[in-house]
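Asks: Sharing data_14.tsv here; it has TSV, C-alpha atoms and all ligand atoms.
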chain	number	residue	atom	x	y	z
A	155	MET	CA	293.02	-86.96	-8.72
A	156	SER	CA	292.05	-86.91	-12.35
A	157	ALA	CA	294.78	-87.23	-15.03
A	158	PRO	CA	295.58	-84.09	-17.02
A	159	PRO	CA	293.75	-84.12	-20.35
A	160	LEU	CA	295.78	-85.60	-23.18
A	161	SER	CA	296.88	-83.12	-25.76
A	162	PHE	CA	297.39	-84.15	-29.36
A	163	PRO	CA	299.23	-82.17	-31.97
A	164	ALA	CA	296.87	-80.31	-34.28
A	165	PRO	CA	296.03	-82.39	-37.36
A	166	PRO	CA	297.67	-81.18	-40.58
A	167	PRO	CA	295.43	-78.88	-42.59
A	168	PRO	CA	293.46	-80.88	-45.16
A	169	THR	CA	295.05	-80.88	-48.65
A	170	PRO	CA	292.80	-78.88	-50.95
A	171	GLU	CA	291.02	-81.03	-53.53
A	172	PHE	CA	292.83	-81.06	-56.89
A	173	GLY	CA	291.12	-78.40	-58.99
A	174	ALA	CA	288.64	-77.55	-56.23
A	175	ASP	CA	287.66	-74.24	-57.86
A	176	ALA	CA	287.73	-75.47	-61.46
A	177	LEU	CA	284.67	-76.22	-63.56
A	178	ILE	CA	286.18	-79.34	-65.16
A	179	VAL	CA	288.59	-81.64	-63.36
A	180	CYS	CA	290.12	-84.87	-64.60
A	181	GLU	CA	292.56	-86.56	-62.28
A	182	SER	CA	294.46	-89.76	-63.16
A	183	LEU	CA	291.72	-90.54	-65.64
A	184	VAL	CA	291.91	-94.00	-67.20
A	185	ARG	CA	289.83	-95.51	-69.99
A	186	ILE	CA	290.59	-99.03	-71.09
A	187	TYR	CA	288.77	-100.52	-74.07
A	188	GLN	CA	288.61	-104.26	-74.43
A	189	SER	CA	288.46	-105.28	-78.04
A	190	GLY	CA	288.48	-109.09	-78.09
A	191	PRO	CA	291.62	-110.31	-76.33
A	192	ILE	CA	293.31	-106.92	-76.76
A	193	GLU	CA	293.21	-104.17	-74.16
A	194	VAL	CA	293.63	-100.61	-75.40
A	195	GLN	CA	294.53	-97.97	-72.83
A	196	ALA	CA	293.03	-94.91	-74.49
A	197	LEU	CA	293.57	-92.70	-71.42
A	198	GLN	CA	296.45	-93.54	-69.11
A	199	GLY	CA	296.12	-91.29	-66.07
A	200	LEU	CA	295.17	-87.99	-67.66
A	201	ASP	CA	295.04	-84.79	-65.58
A	202	LEU	CA	293.19	-81.73	-66.80
A	203	ILE	CA	291.75	-78.63	-65.20
A	204	VAL	CA	289.53	-76.14	-67.01
A	205	ASP	CA	288.24	-73.03	-65.30
A	206	SER	CA	284.79	-71.62	-65.81
A	207	GLY	CA	284.67	-69.29	-68.83
A	208	GLU	CA	287.78	-70.68	-70.53
A	209	MET	CA	288.01	-71.74	-74.16
A	210	VAL	CA	290.48	-74.59	-74.53
A	211	ALA	CA	291.65	-76.45	-77.62
A	212	VAL	CA	292.75	-80.08	-77.20
A	213	VAL	CA	295.26	-81.30	-79.79
A	214	GLY	CA	297.26	-84.49	-80.28
A	215	ALA	CA	298.18	-87.17	-82.77
A	216	SER	CA	295.58	-89.58	-84.06
A	217	GLY	CA	294.85	-92.19	-81.39
A	218	SER	CA	296.20	-90.09	-78.52
A	219	GLY	CA	292.85	-90.20	-76.70
A	220	LYS	CA	291.23	-86.85	-77.56
A	221	SER	CA	287.82	-88.22	-78.57
A	222	THR	CA	287.80	-90.63	-75.65
A	223	LEU	CA	288.37	-87.72	-73.27
A	224	LEU	CA	285.61	-85.67	-74.86
A	225	SER	CA	283.13	-88.58	-74.86
A	226	ILE	CA	283.75	-89.07	-71.14
A	227	LEU	CA	283.36	-85.37	-70.39
A	228	ALA	CA	280.18	-85.20	-72.47
A	229	GLY	CA	278.71	-88.13	-70.51
A	230	ILE	CA	278.58	-90.42	-73.56
A	231	ASP	CA	281.25	-92.84	-72.32
A	232	ALA	CA	282.24	-93.79	-68.77
A	233	PRO	CA	285.83	-93.84	-67.50
A	234	THR	CA	287.44	-97.02	-66.16
A	235	ALA	CA	289.17	-95.33	-63.22
A	236	GLY	CA	290.33	-91.99	-61.87
A	237	ARG	CA	288.26	-88.91	-61.22
A	238	ALA	CA	286.27	-86.71	-63.57
A	239	ARG	CA	284.03	-83.89	-62.44
A	240	VAL	CA	282.18	-81.27	-64.45
A	241	ASP	CA	280.53	-78.60	-62.32
A	242	LYS	CA	278.79	-80.60	-59.55
A	243	TRP	CA	278.58	-83.79	-61.60
A	244	ASP	CA	280.81	-86.73	-60.73
A	245	LEU	CA	281.16	-88.59	-64.01
A	246	LEU	CA	282.27	-91.86	-62.40
A	247	GLY	CA	279.60	-92.30	-59.81
A	248	MET	CA	276.70	-91.07	-61.94
A	249	SER	CA	273.44	-93.03	-62.09
A	250	ARG	CA	271.82	-93.68	-65.47
A	251	THR	CA	269.09	-91.10	-64.73
A	252	ASP	CA	271.66	-88.49	-63.76
A	253	ARG	CA	273.64	-89.21	-66.92
A	254	VAL	CA	270.56	-88.48	-69.03
A	255	ARG	CA	269.92	-85.28	-67.07
A	256	TYR	CA	273.58	-84.30	-67.35
A	257	ARG	CA	273.65	-84.75	-71.13
A	258	ARG	CA	270.35	-82.97	-71.55
A	259	LYS	CA	270.99	-79.90	-69.39
A	260	ALA	CA	274.55	-79.56	-68.12
A	261	VAL	CA	276.59	-79.90	-71.31
A	262	GLY	CA	276.26	-79.48	-75.07
A	263	PHE	CA	278.10	-81.66	-77.60
A	264	VAL	CA	278.94	-81.08	-81.27
A	265	ARG	CA	280.41	-83.87	-83.41
A	266	GLN	CA	282.66	-83.69	-86.43
A	267	GLN	CA	280.17	-85.26	-88.83
A	268	THR	CA	277.89	-82.36	-89.63
A	269	ALA	CA	275.04	-84.67	-90.65
A	270	SER	CA	275.15	-86.71	-87.41
A	271	ASN	CA	274.46	-83.57	-85.35
A	272	LEU	CA	271.17	-82.89	-87.10
A	273	VAL	CA	267.82	-84.52	-87.94
A	274	PRO	CA	267.32	-84.53	-91.74
A	275	TYR	CA	263.55	-83.93	-91.74
A	276	LEU	CA	263.44	-81.10	-89.16
A	277	THR	CA	264.04	-77.41	-89.76
A	278	ALA	CA	266.82	-75.58	-87.91
A	279	ARG	CA	264.27	-73.98	-85.60
A	280	GLN	CA	262.61	-77.35	-84.83
A	281	MET	CA	266.00	-78.92	-84.08
A	282	VAL	CA	266.91	-76.25	-81.54
A	283	ASP	CA	263.43	-76.64	-80.09
A	284	LEU	CA	263.78	-80.41	-79.60
A	285	PRO	CA	266.13	-80.55	-76.57
A	286	MET	CA	264.06	-77.84	-74.88
A	287	THR	CA	260.88	-79.87	-75.43
A	288	ALA	CA	262.62	-82.86	-73.81
A	289	ALA	CA	263.53	-80.60	-70.87
A	290	ARG	CA	259.89	-79.42	-70.65
A	291	VAL	CA	260.65	-75.76	-71.38
A	292	ALA	CA	257.51	-73.63	-71.98
A	293	THR	CA	256.50	-73.17	-75.64
A	294	GLY	CA	256.90	-69.36	-75.71
A	295	VAL	CA	260.38	-69.53	-74.18
A	296	ARG	CA	261.37	-72.25	-76.65
A	297	ARG	CA	260.29	-70.26	-79.67
A	298	GLU	CA	262.07	-67.12	-78.56
A	299	ARG	CA	265.25	-68.91	-77.51
A	300	SER	CA	265.53	-70.94	-80.75
A	301	LEU	CA	265.45	-67.82	-82.87
A	302	GLU	CA	267.78	-65.93	-80.56
A	303	LEU	CA	270.38	-68.72	-80.68
A	304	LEU	CA	270.16	-69.14	-84.44
A	305	ARG	CA	270.55	-65.38	-84.87
A	306	MET	CA	273.50	-65.28	-82.51
A	307	LEU	CA	275.22	-67.98	-84.51
A	308	GLY	CA	274.63	-66.11	-87.75
A	309	VAL	CA	272.02	-68.53	-89.13
A	310	GLY	CA	268.84	-66.67	-88.17
A	311	ASP	CA	267.84	-66.58	-91.84
A	312	CYS	CA	268.10	-70.40	-92.02
A	313	ALA	CA	265.52	-71.05	-89.26
A	314	ASP	CA	263.01	-72.68	-91.61
A	315	ARG	CA	265.51	-74.72	-93.65
A	316	ARG	CA	266.26	-78.42	-93.28
A	317	PRO	CA	269.85	-79.73	-93.08
A	318	GLY	CA	269.87	-80.63	-96.79
A	319	GLN	CA	269.27	-76.96	-97.58
A	320	LEU	CA	272.22	-75.77	-95.48
A	321	SER	CA	275.96	-75.55	-96.25
A	322	GLY	CA	278.42	-77.50	-94.06
A	323	GLY	CA	279.31	-74.38	-92.09
A	324	GLN	CA	275.65	-73.48	-91.58
A	325	GLN	CA	274.92	-77.03	-90.43
A	326	GLN	CA	277.64	-76.80	-87.78
A	327	ARG	CA	276.36	-73.42	-86.59
A	328	VAL	CA	272.87	-74.91	-86.24
A	329	ALA	CA	274.44	-77.88	-84.39
A	330	ILE	CA	276.06	-75.44	-81.95
A	331	ALA	CA	272.69	-73.72	-81.44
A	332	VAL	CA	271.09	-77.13	-80.74
A	333	ALA	CA	273.87	-77.95	-78.25
A	334	LEU	CA	273.25	-74.66	-76.44
A	335	ALA	CA	269.46	-74.92	-76.34
A	336	ASN	CA	269.21	-75.88	-72.66
A	337	GLU	CA	271.75	-73.27	-71.55
A	338	PRO	CA	274.59	-75.66	-70.62
A	339	ARG	CA	277.63	-74.29	-68.80
A	340	VAL	CA	279.97	-76.22	-71.10
A	341	LEU	CA	280.14	-76.87	-74.83
A	342	PHE	CA	282.23	-79.82	-76.01
A	343	ALA	CA	283.07	-80.03	-79.70
A	344	ASP	CA	284.95	-82.94	-81.30
A	345	GLU	CA	286.65	-81.77	-84.51
A	346	PRO	CA	283.67	-79.50	-85.32
A	347	THR	CA	285.49	-78.08	-88.34
A	348	GLY	CA	286.98	-81.36	-89.58
A	349	GLU	CA	284.75	-81.56	-92.65
A	350	LEU	CA	284.94	-77.86	-93.56
A	351	ASP	CA	287.30	-75.87	-95.76
A	352	THR	CA	289.71	-73.47	-94.08
A	353	ALA	CA	287.68	-70.29	-94.52
A	354	THR	CA	284.48	-71.93	-93.25
A	355	SER	CA	286.39	-73.52	-90.31
A	356	VAL	CA	287.59	-70.11	-89.22
A	357	GLU	CA	284.01	-68.79	-89.35
A	358	VAL	CA	282.57	-71.69	-87.36
A	359	PHE	CA	285.38	-71.42	-84.85
A	360	GLY	CA	284.70	-67.68	-84.60
A	361	ALA	CA	281.06	-68.50	-83.80
A	362	MET	CA	282.22	-70.73	-80.92
A	363	ARG	CA	284.42	-67.94	-79.64
A	364	ASP	CA	281.40	-65.62	-79.64
A	365	VAL	CA	279.47	-68.21	-77.65
A	366	ASN	CA	282.34	-68.33	-75.16
A	367	ARG	CA	282.68	-64.57	-74.84
A	368	GLU	CA	279.10	-63.43	-75.10
A	369	LEU	CA	277.28	-66.23	-73.27
A	370	GLY	CA	280.14	-67.13	-70.91
A	371	VAL	CA	279.90	-70.79	-71.92
A	372	THR	CA	283.09	-72.74	-71.25
A	373	VAL	CA	284.26	-74.37	-74.50
A	374	VAL	CA	286.49	-77.42	-74.91
A	375	VAL	CA	287.22	-78.21	-78.54
A	376	VAL	CA	289.23	-81.08	-80.01
A	377	THR	CA	290.95	-80.11	-83.23
A	378	HIS	CA	293.62	-81.21	-85.66
A	379	ASP	CA	293.64	-77.82	-87.29
A	380	PRO	CA	296.63	-75.69	-86.19
A	381	SER	CA	295.05	-72.53	-87.61
A	382	VAL	CA	292.11	-73.14	-85.32
A	383	SER	CA	294.07	-74.06	-82.19
A	384	GLY	CA	296.15	-70.91	-82.75
A	385	GLN	CA	293.04	-68.82	-82.16
A	386	VAL	CA	292.49	-69.80	-78.52
A	387	GLU	CA	294.36	-68.66	-75.46
A	388	ARG	CA	295.05	-72.16	-74.21
A	389	THR	CA	295.92	-75.32	-76.13
A	390	VAL	CA	296.37	-78.60	-74.29
A	391	ALA	CA	298.33	-81.34	-76.04
A	392	ILE	CA	297.59	-85.00	-75.32
A	393	ARG	CA	300.16	-87.70	-75.94
A	394	ASP	CA	299.58	-91.40	-75.26
A	395	GLY	CA	296.48	-90.76	-73.18
A	396	ARG	CA	298.03	-88.10	-70.95
A	397	THR	CA	298.23	-84.33	-71.06
A	398	SER	CA	301.80	-83.59	-72.10
A	399	SER	CA	302.13	-79.85	-72.68
A	400	GLU	CA	300.16	-76.64	-72.89
A	401	VAL	CA	300.56	-73.52	-74.97
A	402	LEU	CA	299.27	-70.27	-73.50
A	403	ARG	CA	298.81	-67.27	-75.77
A	404	ARG	CA	298.51	-63.65	-74.74
A	405	THR	CA	298.44	-60.41	-76.61
A	406	ALA	CA	301.27	-57.98	-75.83
A	407	THR	CA	301.50	-54.34	-76.84
A	408	ALA	CA	304.88	-52.96	-78.00
A	409	ASP	CA	306.08	-49.46	-77.14
A	410	ASN	CA	304.93	-48.22	-80.56
A	411	GLY	CA	301.40	-49.48	-79.82
A	412	ASP	CA	301.58	-52.53	-82.13
A	413	THR	CA	300.01	-55.65	-80.68
A	414	HIS	CA	301.30	-59.16	-81.21
A	415	VAL	CA	300.52	-62.58	-79.83
A	416	ILE	CA	303.06	-64.29	-77.58
A	417	ALA	CA	302.74	-68.08	-77.35
A	418	GLU	CA	304.58	-69.88	-74.56
A	419	GLU	CA	304.82	-73.63	-74.18
A	420	TYR	CA	304.58	-75.21	-70.73
A	421	ALA	CA	305.14	-78.77	-69.57
A	422	VAL	CA	302.30	-80.14	-67.48
A	423	MET	CA	303.03	-81.29	-63.92
A	424	ASP	CA	300.70	-83.80	-62.28
A	425	ARG	CA	299.59	-83.76	-58.69
A	426	ALA	CA	302.50	-85.95	-57.61
A	427	GLY	CA	304.97	-83.49	-59.20
A	428	ARG	CA	305.77	-85.61	-62.29
A	429	VAL	CA	306.79	-83.70	-65.40
A	430	GLN	CA	307.63	-85.19	-68.77
A	431	ILE	CA	310.79	-83.81	-70.34
A	432	PRO	CA	310.33	-83.59	-74.13
A	433	ARG	CA	312.31	-86.15	-76.10
A	434	ASP	CA	314.39	-83.56	-77.98
A	435	TYR	CA	315.51	-82.01	-74.67
A	436	ARG	CA	316.44	-85.46	-73.30
A	437	GLU	CA	318.35	-86.35	-76.41
A	438	ALA	CA	320.16	-83.00	-76.64
A	439	LEU	CA	321.63	-83.43	-73.14
A	440	ALA	CA	321.71	-87.24	-73.06
A	441	LEU	CA	319.34	-87.28	-70.08
A	442	THR	CA	318.65	-90.91	-69.36
A	443	ARG	CA	317.54	-92.84	-66.31
A	444	ARG	CA	318.84	-90.52	-63.59
A	445	VAL	CA	319.16	-86.74	-63.57
A	446	ARG	CA	320.44	-84.22	-61.05
A	447	LEU	CA	317.84	-81.83	-59.68
A	448	ALA	CA	318.72	-78.63	-57.85
A	449	LEU	CA	316.49	-76.04	-56.32
A	450	GLU	CA	317.55	-72.49	-57.16
A	451	PRO	CA	315.91	-69.40	-55.68
A	452	ASP	CA	313.40	-69.07	-58.52
A	453	HIS	CA	313.74	-72.23	-60.63
A	454	VAL	CA	314.74	-75.85	-60.63
A	455	THR	CA	317.60	-77.18	-62.76
A	456	ILE	CA	317.83	-80.64	-64.28
A	457	ARG	CA	321.32	-81.82	-65.25
A	458	PRO	CA	322.65	-85.05	-66.70
A	459	ASP	CA	324.03	-87.53	-64.21
A	460	ALA	CA	327.74	-86.74	-64.51
B	1	LIG	N1	285.35	-98.26	-78.73
B	1	LIG	C1	286.66	-98.53	-78.80
B	1	LIG	N2	287.09	-99.82	-78.72
B	1	LIG	C2	288.41	-100.12	-78.76
B	1	LIG	N3	289.39	-99.19	-78.87
B	1	LIG	C3	289.02	-97.91	-78.96
B	1	LIG	C4	287.65	-97.52	-78.94
B	1	LIG	N4	287.58	-96.15	-79.04
B	1	LIG	C5	288.87	-95.73	-79.14
B	1	LIG	N5	289.72	-96.77	-79.08
B	1	LIG	C6	291.19	-96.71	-79.12
B	1	LIG	O1	291.62	-95.81	-78.12
B	1	LIG	C7	292.70	-95.02	-78.58
B	1	LIG	C8	292.34	-93.55	-78.49
B	1	LIG	O2	291.30	-93.28	-79.41
B	1	LIG	P1	290.65	-91.83	-79.62
B	1	LIG	O3	289.57	-91.98	-80.65
B	1	LIG	O4	290.27	-91.28	-78.30
B	1	LIG	O5	291.88	-91.01	-80.21
B	1	LIG	P2	291.90	-89.60	-80.93
B	1	LIG	O6	293.07	-88.86	-80.37
B	1	LIG	O7	290.57	-88.93	-80.81
B	1	LIG	O8	292.18	-89.99	-82.44
B	1	LIG	P3	291.69	-89.27	-83.80
B	1	LIG	O9	292.38	-87.94	-83.84
B	1	LIG	O10	292.17	-90.20	-84.87
B	1	LIG	O11	290.20	-89.16	-83.74
B	1	LIG	C9	293.00	-95.48	-79.98
B	1	LIG	O12	294.03	-96.44	-79.92
B	1	LIG	C10	291.70	-96.12	-80.43
B	1	LIG	O13	291.94	-97.13	-81.38
Can you dump the structure from the file as C-alpha cells?
Replies:
Amino acid sequence: MSAPPLSFPAPPPPTPEFGADALIVCESLVRIYQSGPIEVQALQGLDLIVDSGEMVAVVGASGSGKSTLLSILAGIDAPTAGRARVDKWDLLGMSRTDRVRYRRKAVGFVRQQTASNLVPYLTARQMVDLPMTAARVATGVRRERSLELLRMLGVGDCADRRPGQLSGGQQQRVAIAVALANEPRVLFADEPTGELDTATSVEVFGAMRDVNRELGVTVVVVTHDPSVSGQVERTVAIRDGRTSSEVLRRTATADNGDTHVIAEEYAVMDRAGRVQIPRDYREALALTRRVRLALEPDHVTIRPDA
C-alpha cells in the first residue's frame, strides 16, 4: 500500500520587492569614500523611492550626501553596498558598457557649474546635437529635436550662440536641453541654480517644471535654495547620509474659492519599520533610550519610559 502523499503548508506569499512599481529605488544604499587612512561614509543606508512622473527636490546640510546620491543615480559613481535601481537598470551590477549606455540614453544630468555643462566652442544647437550623434540618431531627427528642445526651454533664439554669448540662466536652459537630447526618462540636476540670482533661479526651475509636466520626465533636483524647494510637491531631506523627512505640498481650495498651499512634514520609515524621531521632539519629552509604543485604532503613540 502506498503512503498517503505528504502535504505541506502553503508557502507564505512572497514579500513584494521594496518599491517594485517605482521608477527609482534606493534601498540601504551605502557609499564609503576612502581618503588616505580616513573612511568617509557619505551614504549610510539611504532609502528612497521616486515614482515615474514625479518632481522631487532633495535638500540637506552641506556634506549630508546629496551630491553623492545624485552621482550614483546618474551612473557617474558606483555605490559601495545596498540596492539602487532606475527603471530597469541595476546600478550596482552594471557592466562598464551598460553604464555608458545608461548615461547616454536612460538619464540626463545637469551640474551646478554652468560652464562645466557646456562645450565652449560649440553653439547651443551643436551641443544638443552631440549626445544624439553619439547615440547614432538620424541627422534630420537630430536637427528637428535640437530646435524643438531649445524652443521648449525658452532659448530657441540662442540656437546659434556659443556659451560665452549666453547668460547664466540661458546656459543652464541649454544644459537642460542637452541632458534631454536622447529622451531620458529621468533628469537629475545637482544645484542647477546654485550660481544664479534668485529671479533667474526661479525661471530655470520653472523650465524644469515644464519639462516634468509637458514631457513627463521624472526630475530629481538637489538644491540649497528654499524658494526653489518650495515650488515642488515633494521635498526629501537627507541627514547624515540617510533620508530623514519629507515635505509634501498640495493645493487646497477654501470655501470662498481661494487656493493655498498646504505643506505637511512626514518622517520617513525604512523597510524594517525604523523611524527617526526629530531631536526637538525627543528633547521636549525627554525621550531617551527606551520609549513606550502603543497601537491605537488609527495611530501609534510613543511615550517616555515612565
Ligand atoms: N570623492 C570623495 N572622496 C572623499 N570624500 C568624499 C568624496 N566625495 C564626497 N565626500 C564626502 O562625503 C560626504 C558627502 O558629500 P556630498 O558631496 O555628497 O555632500 P552634499 O550634501 O552634496 O554637500 P554640499 O551641499 O556641500 O555639496 C562629505 O563628508 C564629503 O566630504
Asks: Suppose you want the space between atom CA of A:Ala353 and atom CA of A:Gly214; what is it in Å?
Replies: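 Separating atom CA of A:Ala353 from atom CA of A:Gly214 is a distance of 22.3 Å.
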Asks: Could you list, as a list in words, every residue within 6 Å of stretch 445-448 of chain A, counting only C-alpha atoms and ignoring same-chain residues fewer than 2 positions away?
Replies: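 Residues meeting the cut-off are Val454, Thr455, Ile456, Arg457, Pro458 and Asp459 of chain A.
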Asks: Find the nearest atom pair between each residue of chain A and ligand LIG 1 (chain B) for residues within 10 Å, count only C-alpha atoms and all ligand atoms, give distances in Å to one decimal, sort rows by chain and ascending number, and present the table as a Markdown table.
Replies:
| residue | atom | partner | partner_atom | distance |
| --- | --- | --- | --- | --- |
| A:Arg185 | CA | B:LIG1 | O1 | 8.3 |
| A:Ile186 | CA | B:LIG1 | O1 | 7.8 |
| A:Tyr187 | CA | B:LIG1 | C2 | 4.7 |
| A:Gln188 | CA | B:LIG1 | C2 | 6.0 |
| A:Ser189 | CA | B:LIG1 | C2 | 5.2 |
| A:Gly190 | CA | B:LIG1 | C2 | 9.0 |
| A:Ile192 | CA | B:LIG1 | C2 | 8.6 |
| A:Glu193 | CA | B:LIG1 | C2 | 7.8 |
| A:Val194 | CA | B:LIG1 | N3 | 5.7 |
| A:Gln195 | CA | B:LIG1 | O1 | 6.4 |
| A:Ala196 | CA | B:LIG1 | O1 | 4.0 |
| A:Leu197 | CA | B:LIG1 | C8 | 7.2 |
| A:Val212 | CA | B:LIG1 | O6 | 9.3 |
| A:Val213 | CA | B:LIG1 | O6 | 7.9 |
| A:Gly214 | CA | B:LIG1 | O6 | 6.1 |
| A:Ala215 | CA | B:LIG1 | O6 | 5.9 |
| A:Ser216 | CA | B:LIG1 | O10 | 3.6 |
| A:Gly217 | CA | B:LIG1 | O5 | 3.4 |
| A:Ser218 | CA | B:LIG1 | O6 | 3.8 |
| A:Gly219 | CA | B:LIG1 | O4 | 3.2 |
| A:Lys220 | CA | B:LIG1 | O6 | 3.9 |
| A:Ser221 | CA | B:LIG1 | O7 | 3.6 |
| A:Thr222 | CA | B:LIG1 | O4 | 3.7 |
| A:Leu223 | CA | B:LIG1 | O4 | 6.4 |
| A:Leu224 | CA | B:LIG1 | O4 | 8.1 |
| A:Ser225 | CA | B:LIG1 | O4 | 8.4 |
| A:Ile226 | CA | B:LIG1 | O4 | 9.9 |
| A:Asp231 | CA | B:LIG1 | N1 | 9.3 |
| A:Gln266 | CA | B:LIG1 | O11 | 9.7 |
| A:Asp344 | CA | B:LIG1 | O7 | 8.2 |
| A:Glu345 | CA | B:LIG1 | O11 | 8.2 |
| A:Val376 | CA | B:LIG1 | O7 | 8.0 |
| A:Thr377 | CA | B:LIG1 | O9 | 8.0 |
| A:His378 | CA | B:LIG1 | O9 | 7.1 |
| A:Ile392 | CA | B:LIG1 | O6 | 7.8 |
| A:Arg393 | CA | B:LIG1 | O6 | 8.4 |
| A:Asp394 | CA | B:LIG1 | C8 | 8.2 |
| A:Gly395 | CA | B:LIG1 | C8 | 7.3 |
Asks: Mind checking which residues fall within 12 Å of stretch 405-407 of chain A, counting only C-alpha atoms, ignoring those fewer than 6 positions away in the same chain, and posting them as a compact mmCIF listing (two decimals) with C-alpha atoms, keeping the file's coordinate frame?
Replies:
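The resulting file, part.txt, is shown below:
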# COMPACT_ATOMS: atom_id res chain seq x y z
CA GLN A 385 293.04 -68.82 -82.16
CA VAL A 386 292.49 -69.80 -78.52
CA GLU A 387 294.36 -68.66 -75.46
CA THR A 413 300.01 -55.65 -80.68
CA HIS A 414 301.30 -59.16 -81.21
CA VAL A 415 300.52 -62.58 -79.83
CA ILE A 416 303.06 -64.29 -77.58
CA ALA A 417 302.74 -68.08 -77.35
CA GLU A 418 304.58 -69.88 -74.56
Asks: Any idea what's packed within 12 Å of A:Ala174, counting all atoms listed in the file, ignoring anything in its chain fewer than 3 positions away? Could you give it as a PyMOL selection string?
Replies: chain A and resi 169-171+177-181+203-206+238-242
Asks: So what do you get for atom CA of A:Met209 versus atom CA of A:Val375, distance-wise?
Replies: 7.9 Å
Asks: Which residue out of A:Ala211, A:Leu183, A:Ala333, A:Arg327 has the minimum interatomic distance to A:Thr234 when only C-alpha atoms are used?
Replies: A:Leu183
Asks: Have a look at A:Val429, A:Leu200, A:Cys312, A:Ala335 and name the one nearest to A:Arg296; count all atoms listed in the file.
Replies: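 Checking each of A:Val429, A:Leu200, A:Cys312, A:Ala335 against A:Arg296, counting all atoms listed in the file, the winner is A:Ala335.
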Asks: So which residues are close to (274.9, -85.2, -65.7), meaning at most 12 Å away in the file's coordinates with all atoms listed in the file counted, and can you show them as a short mmCIF file (atom, residue, chain, number, x, y, z; two decimals) with C-alpha atoms, in the frame of the given file?
Replies:
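Saved to out.cif:
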data_model
loop_
_atom_site.label_atom_id
_atom_site.label_comp_id
_atom_site.auth_asym_id
_atom_site.auth_seq_id
_atom_site.Cartn_x
_atom_site.Cartn_y
_atom_site.Cartn_z
CA ILE A 226 283.75 -89.07 -71.14
CA LEU A 227 283.36 -85.37 -70.39
CA ALA A 228 280.18 -85.20 -72.47
CA GLY A 229 278.71 -88.13 -70.51
CA ILE A 230 278.58 -90.42 -73.56
CA ASP A 231 281.25 -92.84 -72.32
CA ALA A 232 282.24 -93.79 -68.77
CA ALA A 238 286.27 -86.71 -63.57
CA ARG A 239 284.03 -83.89 -62.44
CA VAL A 240 282.18 -81.27 -64.45
CA ASP A 241 280.53 -78.60 -62.32
CA LYS A 242 278.79 -80.60 -59.55
CA TRP A 243 278.58 -83.79 -61.60
CA ASP A 244 280.81 -86.73 -60.73
CA LEU A 245 281.16 -88.59 -64.01
CA LEU A 246 282.27 -91.86 -62.40
CA GLY A 247 279.60 -92.30 -59.81
CA MET A 248 276.70 -91.07 -61.94
CA SER A 249 273.44 -93.03 -62.09
CA ARG A 250 271.82 -93.68 -65.47
CA THR A 251 269.09 -91.10 -64.73
CA ASP A 252 271.66 -88.49 -63.76
CA ARG A 253 273.64 -89.21 -66.92
CA VAL A 254 270.56 -88.48 -69.03
CA ARG A 255 269.92 -85.28 -67.07
CA TYR A 256 273.58 -84.30 -67.35
CA ARG A 257 273.65 -84.75 -71.13
CA ARG A 258 270.35 -82.97 -71.55
CA LYS A 259 270.99 -79.90 -69.39
CA ALA A 260 274.55 -79.56 -68.12
CA VAL A 261 276.59 -79.90 -71.31
CA GLY A 262 276.26 -79.48 -75.07
CA PRO A 338 274.59 -75.66 -70.62
CA ARG A 339 277.63 -74.29 -68.80
CA VAL A 340 279.97 -76.22 -71.10
#
Asks: Looking at all atoms listed in the file, which of A:Pro159, A:Arg388, A:Glu349, A:Glu337 is the one that sits closest to A:Ala289?
Replies: A:Glu337
Asks: May I ask for the distance between atom CA of A:Val382 and atom CA of A:Val401, given in Å to one decimal place?
Replies: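 If I compute the distance from atom CA of A:Val382 to atom CA of A:Val401, I get 13.4 Å.
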Asks: Looking at A:Asp424, A:Asn271, A:Phe342, A:Ala361, which one is nearest to A:Ser182, with distances taken over all atoms listed in the file?
Replies: A:Asp424
